[in-house]
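**Student:** Sending over a structure as structure tokens; questions will come in a sec.
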Amino acid sequence: MDNSIKKLLRGRIEEVAKRLFGPPLPFFTLERAKKKEWGDLSTNLPFLLAQQKGLSPRIIGEDLVSRLAQDTEDKLLSRVEFAPPGFINLFLSTSYLQESLKKILKEQDNFTRFSSGIGKTVQVEFVSANPTGPLHVGHGRAAALGDVLANNLSKLGFAVQREYYLNDVGGQINRLVKSLWVRIRQLEGDKIELPEDGYKGEYLIDIAKSYIEKMGSVREKSREQVYPYLLEFVVKEILTDIKNDLDSFGVNYDNWFFESKLYEEGKLDEVLSFLGGKGLIYEKDGALWFKTSILIEGEQDRVLRRKNGKYTYFASDIAYHLNKFKRGFHKVVDIWGADHIGYVPRMIAAARATGYPEEALKIIIYQLVTLKRGDKRVSASTRTGEFISFKELIQEVGRDVARFFFLSRSADSHLDFDLELAKRQTPENPVFYVQYAHARISSILRKAEEKGFFLSGKSQPINFNIGLLNSPEERELMLLIALLPEQVKEAGERLEPHHLTTYATELASAFHYFYTRHRVITEDEEITRARLFLVQAVKIAIKDILDILGISAPEKM
């Protein structure tokens, strides 16, 4: 089902424009108007057609307005007007807004469910932190982005798989094992220092204690003898901690993919053979290089295998992504931190080299998170002396608040996370503001049920007259509900979940303002029933958005 108003309007506008001016039409925007006096939606088609046809934007705009105003058979619009220099303002009809209310009450969360992705599979790979230590706050932002994108894409009908990729081989793992070895030796009384490039976090001391307790002393054995056991133990311990943190954040993966699997199955050799067959690799200075430069303009060639015979992470990444596409995903979404932005061009080159459509790979780069307490930046943790971990953040502010704050800005924008604001239960805290709207409506509906305004076991008020919802505040709520499917659809198609938190805040604000201006349960039974119908629809909309965001919708607060 597609309840998208933009799809309906775009089809109508294109039909009229083609009749008047002929194809092809330029791609035009159809967006929410920035000011209420500019209508509910606005399009720039007259301006673009004027450039294409060499005519006046006013002449084109007025012709379009005249024809659109006549074409009212489905009663989508109540008013259409030309706005200089080249826009058309569109006002949705009251009857259409009323029908949207009826639909959301009937369809519930199916009101925002689409079929465009049915039959297609998408993989979302996110967080994928190296198993060398606890998750940090930046990983939390990635967790929120990936999980909500997966929820949103599911709403569009896609079969979605969540995957976590573990780099469990290479230099960083060797340094981790060496660091653990030193910590164990230190606990056993040996005076030995950590290497300069070792892992210095307190968490490794805890793992060392656990190793001695479960596996025994290493004093009589060389590091080489116990290396396999140290490796398996430390990766398992850290991975368990990572899984616990993500579970407490409401994130569960369908698959955990280990880089070591690529080595065990000979996939890196297969990739080199494949690329060699295409003439895309060459030898230089004893190393094997990938011809990135012929696939991406301005990009340098990259090493796949060093002269010591060791593969690079880039080689593993190519093998991993080739594995993804061979698993049959129609689209692969990678969510990477800002420190990986330089890897994007080379991965696009790799996708081109392997022959998969470039649009099948989407890489989202998310920016850093700065923790603050008011105006003061938070730079250290009282527990580790290094950083506030993801776990500590959830413990301090809670899962719901952390998710909402992480998603409050676009991924490519730097995020300031105010810990004090996050804990405040006031309207200034956006997640509290949204959840309180849901709880307040729940309270209203409980009182209404006590007064007999609802049929037993039913969610709709008896004999409501929807035509009584005619105040500006009521219209604004109806408009936002009518636009809800579009918000969900666009957020999923654009892979931009921050639009959902913006919408949730706007809807909650509109409800709270309505509540200050109008009583819902009044002495007038007809008005009461109509307003109960309205607020029930608002409640469904808020819960639907919060469900996609992975945030609870409380009945009481």
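Labels used: A, B, ... for chains in the order of the structure tokens, numbers from 1 for residues in each chain, and numbers from 1 for ligands as shown.
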Please provide as a list in words all residues within 12 Å of Tyr211 (chain A), with the sequence filter that same-chain residues fewer than 6 positions apart are discarded (counting only C-alpha atoms).
**Tutor:**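 Near neighbours after the sequence-gap exclusion: Leu180, Trp181, Arg183, Ile184, Arg185, Leu187, Glu188, Leu204, Ile205, Ser217, Val218, Val226, Tyr229, Leu230, Leu231, Glu232, Phe233, Val234, Val235, Lys236 and Glu237 of chain A.
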**Student:** Can you list, as a PyMOL selection string, every residue of region 277-320 of chain A that DSSP puts in alpha helix (DSSP H)?
**Tutor:** chain A and resi 277+313-320
**Student:** Looking at A:Glu486, A:Asp168, A:Glu62, A:Glu193, which one is nearest to Ile238 (chain A), with distances taken over only C-alpha atoms?
**Tutor:** A:Asp168
**Student:** Using only C-alpha atoms, I'd like a table of the residues in region 399-498 of chain A that come within 9 Å of region 132-144 of chain A; for each, show the closest atom pair and its distance in Å rounded to one decimal, ordered by chain and ascending number, as a Markdown table.
**Tutor:**
| residue | atom | partner | partner_atom | distance |
| --- | --- | --- | --- | --- |
| A:Ala402 | CA | A:Gly140 | CA | 8.2 |
| A:Arg403 | CA | A:Ala144 | CA | 5.7 |
| A:Phe404 | CA | A:Ala144 | CA | 8.4 |
| A:Phe405 | CA | A:Arg141 | CA | 8.9 |
| A:Phe406 | CA | A:Arg141 | CA | 5.2 |
| A:Leu407 | CA | A:Ala144 | CA | 6.9 |
| A:Ala411 | CA | A:Arg141 | CA | 8.5 |
**Student:** So that I can see what lies close to region 18-29 of chain A, please list as a ChimeraX atom specification the residues with an atom at most 8 Å from it, counting only C-alpha atoms and leaving out residues fewer than 5 positions away in the same chain.
**Tutor:** /A:42-45,48-49,52,63-64
**Student:** Would you mind exporting C-alpha atoms of the selected residues as a PDB file, in the first residue's frame?
**Tutor:**
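The result, stored in part-v6.pdb:
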ATOM      1  CA  SER A  42       5.366  23.648  -3.014  1.00  0.00           C
ATOM      2  CA  THR A  43       6.966  22.864  -6.399  1.00  0.00           C
ATOM      3  CA  ASN A  44       9.542  24.696  -8.506  1.00  0.00           C
ATOM      4  CA  LEU A  45       8.295  23.252 -11.829  1.00  0.00           C
ATOM      5  CA  LEU A  48      12.459  24.884 -14.417  1.00  0.00           C
ATOM      6  CA  LEU A  49      10.028  24.658 -17.349  1.00  0.00           C
ATOM      7  CA  GLN A  52      13.632  24.593 -20.673  1.00  0.00           C
ATOM      8  CA  ASP A  63      -1.340  27.882 -16.967  1.00  0.00           C
ATOM      9  CA  LEU A  64      -0.448  25.019 -14.621  1.00  0.00           C
TER      10      LEU A  64
END
**Student:** My list of candidates is A:Thr516, A:Ser115, A:Gln70, A:Gln51. Which is closest to Val16 (chain A) when distances are computed with only C-alpha atoms?
**Tutor:** A:Gln70
**Student:** Need the shell around Lys178 (chain A): protein/DNA/RNA residues with any atom at most 8 Å away, counting only C-alpha atoms. Skip same-chain ones fewer than 4 positions apart. Format as a count of residues only?
**Tutor:** 4
**Student:** Residues at most 6 Å from region 99-111 of chain A, counting only C-alpha atoms, excluding those fewer than 6 positions away in the same chain, as a PyMOL selection string?
**Tutor:** chain A and resi 482+537+544
**Student:** State, in Å with one decimal place, the distance from CA of Glu474 (chain A) to CA of Phe514 (chain A).
**Tutor:** 6.9 Å
**Student:** Check the smallest atom-to-atom distance from each of A:Met347, A:Leu272, A:Ile551, A:Val434 to Gly398 (chain A) using only C-alpha atoms, then report the winner.
**Tutor:**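 Closest candidate: A:Ile551.
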**Student:** Mind giving me the straight-line distance from CA of Glu270 (chain A) to CA of Ala360 (chain A) in Å, one decimal?
**Tutor:**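 Separating CA of Glu270 (chain A) from CA of Ala360 (chain A) is a distance of 21.7 Å.
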**Student:** Considering only C-alpha atoms, can you say which of A:Asn323, A:Gln161, A:Thr94, A:Gln172 comes closest to Pro131 (chain A)?
**Tutor:**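 When distances to Pro131 (chain A) are compared using only C-alpha atoms, the smallest one comes from A:Gln172.
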**Student:** Go through A:Leu76, A:Ala439, A:Ile192, A:Ile118 and flag the residue nearest Ser154 (chain A), using only C-alpha atoms for the distances.
**Tutor:** A:Ile118
**Student:** Give the strand (DSSP E or B) residues of region 355-462 of chain A, as DSSP finds them on the backbone, and put them as an NGL selection string.
**Tutor:** :A and (361-366 or 369-373 or 376-377 or 389 or 415-418 or 454 or 461)
**Student:** Could you pull the residues within 9 Å of Leu419 (chain A), counting only C-alpha atoms, minus those fewer than 5 positions along the same chain, as number ranges by chain?
**Tutor:** A: 371-374, 393, 396-397, 424
**Student:** Of the candidates A:Val127, A:Ala510, A:Ile242, A:Val520, which shows the shortest atom-to-atom distance to Ile335 (chain A), using only C-alpha atoms?
**Tutor:** A:Val127
**Student:** Can you list, as a ChimeraX atom specification, every protein, DNA or RNA residue that comes within 8 Å of region 299-312 of chain A when you count only C-alpha atoms, leaving out same-chain residues fewer than 3 positions away?
**Tutor:** /A:285-293,296,315-316,345-346
**Student:** Residues of the last selection are to be written out with C-alpha atoms, as a PDB file, in the first residue's frame.
**Tutor:**
ATOM      1  CA  ASP A 285      58.855  -3.031  -5.322  1.00  0.00           C
ATOM      2  CA  GLY A 286      57.977  -6.563  -4.332  1.00  0.00           C
ATOM      3  CA  ALA A 287      54.358  -5.647  -3.519  1.00  0.00           C
ATOM      4  CA  LEU A 288      51.131  -6.301  -5.409  1.00  0.00           C
ATOM      5  CA  TRP A 289      49.163  -3.180  -6.366  1.00  0.00           C
ATOM      6  CA  PHE A 290      45.570  -2.504  -7.428  1.00  0.00           C
ATOM      7  CA  LYS A 291      45.045  -0.074 -10.325  1.00  0.00           C
ATOM      8  CA  THR A 292      42.711   2.237  -8.420  1.00  0.00           C
ATOM      9  CA  SER A 293      43.837   5.181 -10.562  1.00  0.00           C
ATOM     10  CA  ILE A 296      38.697   6.531  -9.997  1.00  0.00           C
ATOM     11  CA  ALA A 315      42.473  -6.608   0.041  1.00  0.00           C
ATOM     12  CA  SER A 316      40.273  -8.056   2.786  1.00  0.00           C
ATOM     13  CA  PRO A 345      36.851   6.135  -3.435  1.00  0.00           C
ATOM     14  CA  ARG A 346      38.913   2.944  -3.347  1.00  0.00           C
TER      15      ARG A 346
END
